[in-house]
Protein chains: 2
Amino acid sequence: MNVVVIGAGAVGQLMASFLAEAHMHVTLVVRRQEQADELQLKRLTRVHLDGTQTVHQIASTVELKTVSKPDLIIIAVKYRQLQNIYKQLVDVPKEVPLLFVQNGLAHFDEALSLPQQTIAFCSVSFGAQIINLTTVQHRGMGLCKIGVARGNDGIFHQLLKIQNPLCPIEMVENAEQMLFEKAVLNCLINPLTAILQIKNGELLTNKHAFFLMHTIYQELTEAFVDVQQTIPFSAVITLCEKTGENTSSMLADRMQGRKSEVDTIVGAVLQKASANGYPLPTLRILYHQVLAMEESGEQY
Amino acid sequence: MNVVVIGAGAVGQLMASFLAEAHMHVTLVVRRQEQADELQLKRLTRVHLDGTQTVHQIASTVELKTVSKPDLIIIAVKYRQLQNIYKQLVDVPKEVPLLFVQNGLAHFDEALSLPQQTIAFCSVSFGAQIINLTTVQHRGMGLCKIGVARGNDGIFHQLLKIQNPLCPIEMVENAEQMLFEKAVLNCLINPLTAILQIKNGELLTNKHAFFLMHTIYQELTEAFVDVQQTIPFSAVITLCEKTGENTSSMLADRMQGRKSEVDTIVGAVLQKASANGYPLPTLRILYHQVLAMEESGEQY
């Protein structure tokens, strides 16, 4: 199987590594020729959870159009780079299935306006960190959920056969619902931890943080009637416990002075609720606070 | 004139210094014998705005009851130390006027339940920083507003005669209104700057911070009809401009890991609004965020 992974960030590198390990022919599409050359020279290293390493040969290029007849294209860039990728995907044959791996909801309708017949979405919960241009560290076990929004799911069932216990893959019925549930969980954990500068676990032990998280949860259950069933509050607590020592991605972004995904995650949920007539006042304040922090940068 | 100042924090030391400079007999009541001894030995030094210094002889003690016949007692401790001071003030003769110098509203009714006939409140906007047990630095010019809530204002008119241009004093009609206005301004500036970790001036230049400040202002004008007239939004902007480079007291508290005055200032305003049927949702979220940050301490 001939798989293209667009994007050599932590998620792209990690997925490419697992696919190569499953004896697939993987081409990583990167932005800079320097990285393409390095990958040819040094191959792709994955540092395992236990510190050991695996090295895999993969192809690499800066031009998607040079890859002939891919069986699957995985798009693993950040949301803000998608506009540029869409332009290149328009020229890809309609038969080639696409798998989008982004957080938030903002890309869902955009991706479905592409000409390809099969379009799927992926939500990952593993931890990964880039070490350098050719090395990625696997930092936490987590599920890869795939939902096919349109077309044929055959290619994804082939992915299921990988059965690498380090990278479990699961198919879900409703792709949009899967993205929405992930976004809701992100809304509950990410902005609060970023603003208060606390680890996920403190959302349970800090009584004012817990009160605020619970307030946001109540707003979300009012705006979206299904939330109480699909994401019971006990599941939120379990997630905070399981990831207790984790630094949320939004807090990590703040600490590194990077722009976060607050718009594609929180902004998109606010917009969806607003369309239903629910302003989500608490979450909205947090949204502006994260944007204010990004605008100011760290002053102290 | 024989003036007692209770509390040798920045505000207490600075006031004691200005009073001594005006040839009053000042006794500083401190908590520890060590500090009382140091003050006897080294006297009280004030570092002026231009870096020069003045040294004044004052009396010092750890026991309020050892001071005979004061003409005025100024209470310059933090709110949370007041309960302890009230107990000592109960034994002070009813004729001795009391002047309370605290932020927020929480102490107003409490102070008025004391037996003294003359009770006044003071709101200071000068900047002061403690250097050591016997030295205070004057860091910013600012007005000392005095409002007599009960009794005779004669003693305070004598204070007006000090006429030190470095410490202008002004009488106001309504003490409670004065405290409330200061608290409202604090509510607009302090929690936001503490949470977002920005200087006062950035409340104007950071568009999301400005949006949040304006949202809080709108909530306050709805809850308290007078606010729009007594504190027009233009006055808030002017204050942010004038104090643009300042670190708000609440942000300073956060940076030093101290408990802030969020309860006596923001908590008191929330309570007052709530009694009027206005929940002030945005300010309430900020209130819990500041408490959450205090509970967690700085993690990063």
# chains A, B, ... in the order shown; residues from 1 in each chain; ligands from 1
>>> interface_residues(of="chain B", to="chain A", cutoff="8 Å", atoms="only C-alpha atoms", output="count of residues only")
23
>>> calpha_fit_and_write(fixed="chain A", moving="chain B", output="mmCIF file with C-alpha atoms, in the first residue's frame")
data_model
loop_
_atom_site.group_PDB
_atom_site.id
_atom_site.type_symbol
_atom_site.label_atom_id
_atom_site.label_comp_id
_atom_site.auth_asym_id
_atom_site.auth_seq_id
_atom_site.Cartn_x
_atom_site.Cartn_y
_atom_site.Cartn_z
ATOM 1 C CA MET B 1 -0.014 -0.008 0.001
ATOM 2 C CA ASN B 2 1.230 3.396 -1.032
ATOM 3 C CA VAL B 3 0.431 6.033 1.607
ATOM 4 C CA VAL B 4 1.204 9.747 1.485
ATOM 5 C CA VAL B 5 1.419 11.697 4.742
ATOM 6 C CA ILE B 6 1.333 15.463 4.270
ATOM 7 C CA GLY B 7 2.958 17.290 7.175
ATOM 8 C CA ALA B 8 6.053 16.305 9.131
ATOM 9 C CA GLY B 9 4.998 17.623 12.514
ATOM 10 C CA ALA B 10 4.789 15.312 15.519
ATOM 11 C CA VAL B 11 1.553 13.693 14.366
ATOM 12 C CA GLY B 12 2.671 13.293 10.729
ATOM 13 C CA GLN B 13 6.052 11.819 11.654
ATOM 14 C CA LEU B 14 4.549 9.413 14.187
ATOM 15 C CA MET B 15 1.879 8.168 11.786
ATOM 16 C CA ALA B 16 4.425 7.807 8.983
ATOM 17 C CA SER B 17 6.614 5.750 11.307
ATOM 18 C CA PHE B 18 3.841 3.362 12.314
ATOM 19 C CA LEU B 19 2.730 2.938 8.696
ATOM 20 C CA ALA B 20 6.285 2.216 7.545
ATOM 21 C CA GLU B 21 6.635 -0.288 10.372
ATOM 22 C CA ALA B 22 3.572 -2.060 8.959
ATOM 23 C CA HIS B 23 5.505 -2.437 5.672
ATOM 24 C CA MET B 24 3.610 0.178 3.767
ATOM 25 C CA HIS B 25 5.324 2.437 1.279
ATOM 26 C CA VAL B 26 5.175 5.844 2.933
ATOM 27 C CA THR B 27 5.944 9.206 1.368
ATOM 28 C CA LEU B 28 6.199 12.154 3.727
ATOM 29 C CA VAL B 29 5.384 15.488 2.064
ATOM 30 C CA VAL B 30 7.302 18.235 3.835
ATOM 31 C CA ARG B 31 7.565 21.986 3.342
ATOM 32 C CA ARG B 32 11.313 22.441 3.016
ATOM 33 C CA GLN B 33 13.711 20.668 0.671
ATOM 34 C CA GLU B 34 16.240 20.568 3.526
ATOM 35 C CA GLN B 35 13.950 18.282 5.525
ATOM 36 C CA ALA B 36 13.193 16.088 2.489
ATOM 37 C CA ASP B 37 16.934 15.647 1.967
ATOM 38 C CA GLU B 38 17.579 14.889 5.651
ATOM 39 C CA LEU B 39 14.851 12.243 5.641
ATOM 40 C CA GLN B 40 16.437 10.576 2.587
ATOM 41 C CA LEU B 41 19.820 10.630 4.268
ATOM 42 C CA LYS B 42 18.974 9.676 7.839
ATOM 43 C CA ARG B 43 15.601 7.911 7.482
ATOM 44 C CA LEU B 44 12.855 8.408 10.083
ATOM 45 C CA THR B 45 13.527 7.582 13.737
ATOM 46 C CA ARG B 46 10.815 6.912 16.293
ATOM 47 C CA VAL B 47 11.745 6.999 19.963
ATOM 48 C CA HIS B 48 9.468 4.519 21.734
ATOM 49 C CA LEU B 49 7.727 5.036 25.033
ATOM 50 C CA ASP B 50 10.440 2.946 26.721
ATOM 51 C CA GLY B 51 13.235 5.016 25.172
ATOM 52 C CA THR B 52 14.288 2.451 22.546
ATOM 53 C CA GLN B 53 14.272 3.501 18.890
ATOM 54 C CA THR B 54 13.164 2.215 15.505
ATOM 55 C CA VAL B 55 14.426 3.597 12.202
ATOM 56 C CA HIS B 56 12.368 3.299 9.015
ATOM 57 C CA GLN B 57 13.041 4.083 5.386
ATOM 58 C CA ILE B 58 10.414 6.373 3.918
ATOM 59 C CA ALA B 59 10.243 8.478 0.784
ATOM 60 C CA SER B 60 10.070 12.247 1.132
ATOM 61 C CA THR B 61 9.271 15.152 -1.135
ATOM 62 C CA VAL B 62 8.190 18.764 -1.106
ATOM 63 C CA GLU B 63 5.825 18.299 -4.050
ATOM 64 C CA LEU B 64 2.657 16.296 -3.552
ATOM 65 C CA LYS B 65 2.138 16.058 -7.320
ATOM 66 C CA THR B 66 5.367 14.045 -7.744
ATOM 67 C CA VAL B 67 3.810 11.097 -5.892
ATOM 68 C CA SER B 68 2.200 8.749 -8.389
ATOM 69 C CA LYS B 69 -0.997 6.846 -7.583
ATOM 70 C CA PRO B 70 -1.219 6.986 -3.818
ATOM 71 C CA ASP B 71 -3.711 4.583 -2.198
ATOM 72 C CA LEU B 72 -4.365 7.066 0.603
ATOM 73 C CA ILE B 73 -3.409 10.613 1.476
ATOM 74 C CA ILE B 74 -3.260 11.493 5.157
ATOM 75 C CA ILE B 75 -3.327 15.241 5.799
ATOM 76 C CA ALA B 76 -1.533 15.844 9.104
ATOM 77 C CA VAL B 77 -0.832 19.591 8.992
ATOM 78 C CA LYS B 78 -2.218 22.144 11.445
ATOM 79 C CA TYR B 79 -5.520 23.741 10.568
ATOM 80 C CA ARG B 80 -3.961 27.034 9.588
ATOM 81 C CA GLN B 81 -1.899 25.335 6.879
ATOM 82 C CA LEU B 82 -4.913 23.581 5.336
ATOM 83 C CA GLN B 83 -5.880 26.362 2.922
ATOM 84 C CA ASN B 84 -2.600 25.863 1.142
ATOM 85 C CA ILE B 85 -3.052 22.079 1.083
ATOM 86 C CA TYR B 86 -6.610 22.267 -0.290
ATOM 87 C CA LYS B 87 -5.225 23.974 -3.417
ATOM 88 C CA GLN B 88 -2.889 21.047 -4.042
ATOM 89 C CA LEU B 89 -5.545 18.410 -3.282
ATOM 90 C CA VAL B 90 -7.860 19.773 -5.963
ATOM 91 C CA ASP B 91 -5.504 18.286 -8.583
ATOM 92 C CA VAL B 92 -5.361 14.852 -6.923
ATOM 93 C CA PRO B 93 -7.427 12.142 -8.738
ATOM 94 C CA LYS B 94 -10.966 11.835 -7.391
ATOM 95 C CA GLU B 95 -10.473 8.160 -6.535
ATOM 96 C CA VAL B 96 -7.725 8.822 -3.974
ATOM 97 C CA PRO B 97 -9.147 8.659 -0.438
ATOM 98 C CA LEU B 98 -8.262 11.508 1.926
ATOM 99 C CA LEU B 99 -7.884 11.244 5.716
ATOM 100 C CA PHE B 100 -7.824 14.518 7.677
ATOM 101 C CA VAL B 101 -6.101 14.563 11.081
ATOM 102 C CA GLN B 102 -6.885 17.950 12.628
ATOM 103 C CA ASN B 103 -8.355 19.121 15.915
ATOM 104 C CA GLY B 104 -11.547 21.114 16.029
ATOM 105 C CA LEU B 105 -14.481 21.342 13.671
ATOM 106 C CA ALA B 106 -13.476 24.138 11.354
ATOM 107 C CA HIS B 107 -12.061 21.876 8.638
ATOM 108 C CA PHE B 108 -15.015 19.488 8.367
ATOM 109 C CA ASP B 109 -17.172 21.323 5.833
ATOM 110 C CA GLU B 110 -14.117 22.694 4.044
ATOM 111 C CA ALA B 111 -12.690 19.202 3.477
ATOM 112 C CA LEU B 112 -16.008 17.899 2.220
ATOM 113 C CA SER B 113 -16.048 20.532 -0.500
ATOM 114 C CA LEU B 114 -13.007 18.884 -2.132
ATOM 115 C CA PRO B 115 -13.617 16.773 -5.262
ATOM 116 C CA GLN B 116 -12.386 13.458 -3.805
ATOM 117 C CA GLN B 117 -14.980 10.704 -3.465
ATOM 118 C CA THR B 118 -13.771 9.299 -0.150
ATOM 119 C CA ILE B 119 -13.117 11.688 2.687
ATOM 120 C CA ALA B 120 -12.518 10.591 6.255
ATOM 121 C CA PHE B 121 -11.490 12.258 9.481
ATOM 122 C CA CYS B 122 -9.210 11.071 12.225
ATOM 123 C CA SER B 123 -8.995 12.092 15.850
ATOM 124 C CA VAL B 124 -5.827 11.071 17.658
ATOM 125 C CA SER B 125 -5.209 10.975 21.373
ATOM 126 C CA PHE B 126 -1.643 9.681 21.426
ATOM 127 C CA GLY B 127 1.156 11.925 22.626
ATOM 128 C CA ALA B 128 3.972 12.823 20.260
ATOM 129 C CA GLN B 129 6.806 15.319 20.270
ATOM 130 C CA ILE B 130 9.151 16.323 17.507
ATOM 131 C CA ILE B 131 12.811 15.903 18.427
ATOM 132 C CA ASN B 132 14.277 17.074 15.117
ATOM 133 C CA LEU B 133 13.594 16.999 11.375
ATOM 134 C CA THR B 134 13.877 13.201 11.230
ATOM 135 C CA THR B 135 13.049 12.065 14.776
ATOM 136 C CA VAL B 136 9.768 11.895 16.667
ATOM 137 C CA GLN B 137 9.168 10.782 20.217
ATOM 138 C CA HIS B 138 6.064 8.746 21.059
ATOM 139 C CA ARG B 139 5.036 10.163 24.431
ATOM 140 C CA GLY B 140 1.725 8.578 25.294
ATOM 141 C CA MET B 141 -0.439 5.674 24.175
ATOM 142 C CA GLY B 142 -3.687 6.749 22.638
ATOM 143 C CA LEU B 143 -6.388 5.773 20.225
ATOM 144 C CA CYS B 144 -6.617 6.749 16.572
ATOM 145 C CA LYS B 145 -10.322 7.086 15.751
ATOM 146 C CA ILE B 146 -11.326 7.160 12.090
ATOM 147 C CA GLY B 147 -14.721 8.180 10.778
ATOM 148 C CA VAL B 148 -15.583 8.087 7.077
ATOM 149 C CA ALA B 149 -17.731 11.091 6.193
ATOM 150 C CA ARG B 150 -18.168 10.219 2.517
ATOM 151 C CA GLY B 151 -17.325 7.355 0.205
ATOM 152 C CA ASN B 152 -15.770 3.961 0.581
ATOM 153 C CA ASP B 153 -14.347 2.756 3.878
ATOM 154 C CA GLY B 154 -12.343 -0.139 2.363
ATOM 155 C CA ILE B 155 -8.952 1.501 2.594
ATOM 156 C CA PHE B 156 -9.474 2.282 6.264
ATOM 157 C CA HIS B 157 -10.338 -1.312 7.077
ATOM 158 C CA GLN B 158 -6.939 -2.164 5.619
ATOM 159 C CA LEU B 159 -5.399 0.281 8.089
ATOM 160 C CA LEU B 160 -7.166 -1.548 10.903
ATOM 161 C CA LYS B 161 -5.115 -4.630 9.987
ATOM 162 C CA ILE B 162 -1.978 -2.865 11.173
ATOM 163 C CA GLN B 163 -2.923 -3.937 14.680
ATOM 164 C CA ASN B 164 0.102 -2.378 16.305
ATOM 165 C CA PRO B 165 -0.699 -2.391 20.043
ATOM 166 C CA LEU B 166 1.233 0.894 20.355
ATOM 167 C CA CYS B 167 -1.100 2.584 17.899
ATOM 168 C CA PRO B 168 -4.608 1.179 18.205
ATOM 169 C CA ILE B 169 -6.993 2.225 15.432
ATOM 170 C CA GLU B 170 -10.766 2.195 15.699
ATOM 171 C CA MET B 171 -13.517 2.992 13.220
ATOM 172 C CA VAL B 172 -16.432 5.181 14.303
ATOM 173 C CA GLU B 173 -19.780 5.686 12.603
ATOM 174 C CA ASN B 174 -20.113 9.451 12.675
ATOM 175 C CA ALA B 175 -17.030 11.467 11.801
ATOM 176 C CA GLU B 176 -18.535 14.857 12.609
ATOM 177 C CA GLN B 177 -19.797 13.629 15.977
ATOM 178 C CA MET B 178 -16.326 12.263 16.751
ATOM 179 C CA LEU B 179 -14.699 15.616 15.989
ATOM 180 C CA PHE B 180 -17.362 17.433 17.986
ATOM 181 C CA GLU B 181 -16.878 15.223 21.045
ATOM 182 C CA LYS B 182 -13.132 15.751 20.935
ATOM 183 C CA ALA B 183 -13.677 19.506 20.581
ATOM 184 C CA VAL B 184 -16.049 19.553 23.561
ATOM 185 C CA LEU B 185 -13.490 17.748 25.718
ATOM 186 C CA ASN B 186 -10.850 20.194 24.515
ATOM 187 C CA CYS B 187 -13.128 23.120 25.407
ATOM 188 C CA LEU B 188 -13.459 21.793 28.937
ATOM 189 C CA ILE B 189 -9.771 21.236 29.539
ATOM 190 C CA ASN B 190 -7.620 23.358 27.247
ATOM 191 C CA PRO B 191 -8.503 27.021 27.726
ATOM 192 C CA LEU B 192 -8.831 26.757 31.525
ATOM 193 C CA THR B 193 -5.503 24.978 31.945
ATOM 194 C CA ALA B 194 -3.847 27.493 29.608
ATOM 195 C CA ILE B 195 -5.258 30.527 31.421
ATOM 196 C CA LEU B 196 -4.718 29.265 34.961
ATOM 197 C CA GLN B 197 -1.388 27.644 34.005
ATOM 198 C CA ILE B 198 -2.222 24.355 35.680
ATOM 199 C CA LYS B 199 -1.862 20.711 34.733
ATOM 200 C CA ASN B 200 -4.967 18.774 33.658
ATOM 201 C CA GLY B 201 -5.265 17.013 37.015
ATOM 202 C CA GLU B 202 -5.616 20.268 38.902
ATOM 203 C CA LEU B 203 -8.962 20.840 37.217
ATOM 204 C CA LEU B 204 -10.196 18.250 39.703
ATOM 205 C CA THR B 205 -8.208 19.197 42.810
ATOM 206 C CA ASN B 206 -8.440 23.008 42.566
ATOM 207 C CA LYS B 207 -11.959 23.827 43.714
ATOM 208 C CA HIS B 208 -12.339 27.098 41.793
ATOM 209 C CA ALA B 209 -10.934 25.565 38.611
ATOM 210 C CA PHE B 210 -13.324 22.636 39.049
ATOM 211 C CA PHE B 211 -16.241 25.032 39.551
ATOM 212 C CA LEU B 212 -15.349 26.832 36.313
ATOM 213 C CA MET B 213 -14.951 23.573 34.360
ATOM 214 C CA HIS B 214 -18.315 22.384 35.647
ATOM 215 C CA THR B 215 -19.899 25.719 34.691
ATOM 216 C CA ILE B 216 -18.607 25.309 31.144
ATOM 217 C CA TYR B 217 -19.924 21.728 31.090
ATOM 218 C CA GLN B 218 -23.379 22.913 32.137
ATOM 219 C CA GLU B 219 -23.387 25.559 29.419
ATOM 220 C CA LEU B 220 -22.411 22.926 26.832
ATOM 221 C CA THR B 221 -25.135 20.499 27.931
ATOM 222 C CA GLU B 222 -27.710 23.262 27.601
ATOM 223 C CA ALA B 223 -26.526 24.221 24.121
ATOM 224 C CA PHE B 224 -26.075 20.640 22.864
ATOM 225 C CA VAL B 225 -28.654 18.244 24.247
ATOM 226 C CA ASP B 226 -26.676 15.110 23.363
ATOM 227 C CA VAL B 227 -23.591 16.069 25.351
ATOM 228 C CA GLN B 228 -24.932 14.777 28.657
ATOM 229 C CA GLN B 229 -25.265 11.291 27.117
ATOM 230 C CA THR B 230 -22.291 11.136 24.781
ATOM 231 C CA ILE B 231 -19.879 12.854 27.176
ATOM 232 C CA PRO B 232 -21.182 12.338 30.714
ATOM 233 C CA PHE B 233 -19.398 14.500 33.275
ATOM 234 C CA SER B 234 -17.902 11.336 34.763
ATOM 235 C CA ALA B 235 -16.042 10.835 31.457
ATOM 236 C CA VAL B 236 -14.594 14.350 31.745
ATOM 237 C CA ILE B 237 -13.393 13.556 35.268
ATOM 238 C CA THR B 238 -11.867 10.268 34.102
ATOM 239 C CA LEU B 239 -10.022 12.044 31.304
ATOM 240 C CA CYS B 240 -8.649 14.674 33.713
ATOM 241 C CA GLU B 241 -7.492 11.886 36.015
ATOM 242 C CA LYS B 242 -5.886 9.855 33.223
ATOM 243 C CA THR B 243 -4.076 12.907 31.881
ATOM 244 C CA GLY B 244 -3.521 14.432 35.315
ATOM 245 C CA GLU B 245 0.177 15.101 34.887
ATOM 246 C CA ASN B 246 -0.198 16.316 31.290
ATOM 247 C CA THR B 247 0.286 19.856 30.094
ATOM 248 C CA SER B 248 -2.614 20.549 27.741
ATOM 249 C CA SER B 249 -1.692 21.475 24.183
ATOM 250 C CA MET B 250 -3.060 24.982 24.690
ATOM 251 C CA LEU B 251 -0.966 25.510 27.818
ATOM 252 C CA ALA B 252 2.081 24.126 25.986
ATOM 253 C CA ASP B 253 1.378 26.618 23.182
ATOM 254 C CA ARG B 254 1.133 29.446 25.711
ATOM 255 C CA MET B 255 4.368 28.456 27.430
ATOM 256 C CA GLN B 256 6.174 28.374 24.099
ATOM 257 C CA GLY B 257 4.599 31.614 22.876
ATOM 258 C CA ARG B 258 2.960 29.796 19.932
ATOM 259 C CA LYS B 259 -0.481 30.555 18.554
ATOM 260 C CA SER B 260 -2.901 27.933 19.867
ATOM 261 C CA GLU B 261 -5.812 26.175 18.179
ATOM 262 C CA VAL B 262 -8.328 28.185 20.189
ATOM 263 C CA ASP B 263 -10.134 29.337 17.055
ATOM 264 C CA THR B 264 -10.608 25.975 15.366
ATOM 265 C CA ILE B 265 -11.590 24.253 18.621
ATOM 266 C CA VAL B 266 -13.212 26.751 21.002
ATOM 267 C CA GLY B 267 -14.181 29.269 18.325
ATOM 268 C CA ALA B 268 -15.887 26.546 16.277
ATOM 269 C CA VAL B 269 -17.858 25.216 19.264
ATOM 270 C CA LEU B 270 -18.929 28.768 20.187
ATOM 271 C CA GLN B 271 -20.101 29.335 16.633
ATOM 272 C CA LYS B 272 -22.098 26.095 16.581
ATOM 273 C CA ALA B 273 -23.737 26.913 19.921
ATOM 274 C CA SER B 274 -24.423 30.463 18.860
ATOM 275 C CA ALA B 275 -26.214 29.174 15.758
ATOM 276 C CA ASN B 276 -28.466 27.227 18.165
ATOM 277 C CA GLY B 277 -29.109 30.413 20.159
ATOM 278 C CA TYR B 278 -26.751 29.617 23.045
ATOM 279 C CA PRO B 279 -24.000 32.144 23.755
ATOM 280 C CA LEU B 280 -21.911 29.904 26.129
ATOM 281 C CA PRO B 281 -20.888 32.964 28.162
ATOM 282 C CA THR B 282 -18.195 31.349 30.314
ATOM 283 C CA LEU B 283 -16.472 29.559 27.448
ATOM 284 C CA ARG B 284 -16.672 32.772 25.425
ATOM 285 C CA ILE B 285 -14.794 34.733 28.092
ATOM 286 C CA LEU B 286 -12.083 32.060 28.184
ATOM 287 C CA TYR B 287 -11.881 32.247 24.400
ATOM 288 C CA HIS B 288 -11.176 35.980 24.503
ATOM 289 C CA GLN B 289 -8.722 35.497 27.357
ATOM 290 C CA VAL B 290 -6.691 32.972 25.364
ATOM 291 C CA LEU B 291 -6.711 35.321 22.373
ATOM 292 C CA ALA B 292 -5.683 38.211 24.640
ATOM 293 C CA MET B 293 -2.775 36.166 25.999
ATOM 294 C CA GLU B 294 -1.690 35.272 22.481
ATOM 295 C CA GLU B 295 -1.910 38.907 21.457
ATOM 296 C CA SER B 296 0.184 40.094 24.369
ATOM 297 C CA GLY B 297 2.714 37.267 24.445
ATOM 298 C CA GLU B 298 4.235 36.450 27.799
ATOM 299 C CA GLN B 299 5.184 39.624 29.597
ATOM 300 C CA TYR B 300 6.541 38.170 32.803
#
>>> select_by_dssp(residues="region 108-152 of chain A", states="alpha helix (DSSP H)", output="list in words")
Phe108, Asp109, Glu110, Ala111 and Leu112 of chain A
>>> write_last_selection(atoms="C-alpha atoms", output="compact mmCIF listing (two decimals), in the first residue's frame")
# COMPACT_ATOMS: atom_id res chain seq x y z
CA PHE A 108 -15.01 19.48 8.36
CA ASP A 109 -17.17 21.31 5.80
CA GLU A 110 -14.11 22.68 4.03
CA ALA A 111 -12.68 19.18 3.46
CA LEU A 112 -16.01 17.88 2.19
>>> select_by_dssp(residues="region 62-294 of chain B", states="strand (DSSP E or B)", output="ChimeraX atom specification")
/B:72-75,98-100,119-124,127-132,135-140,144-150,169-172
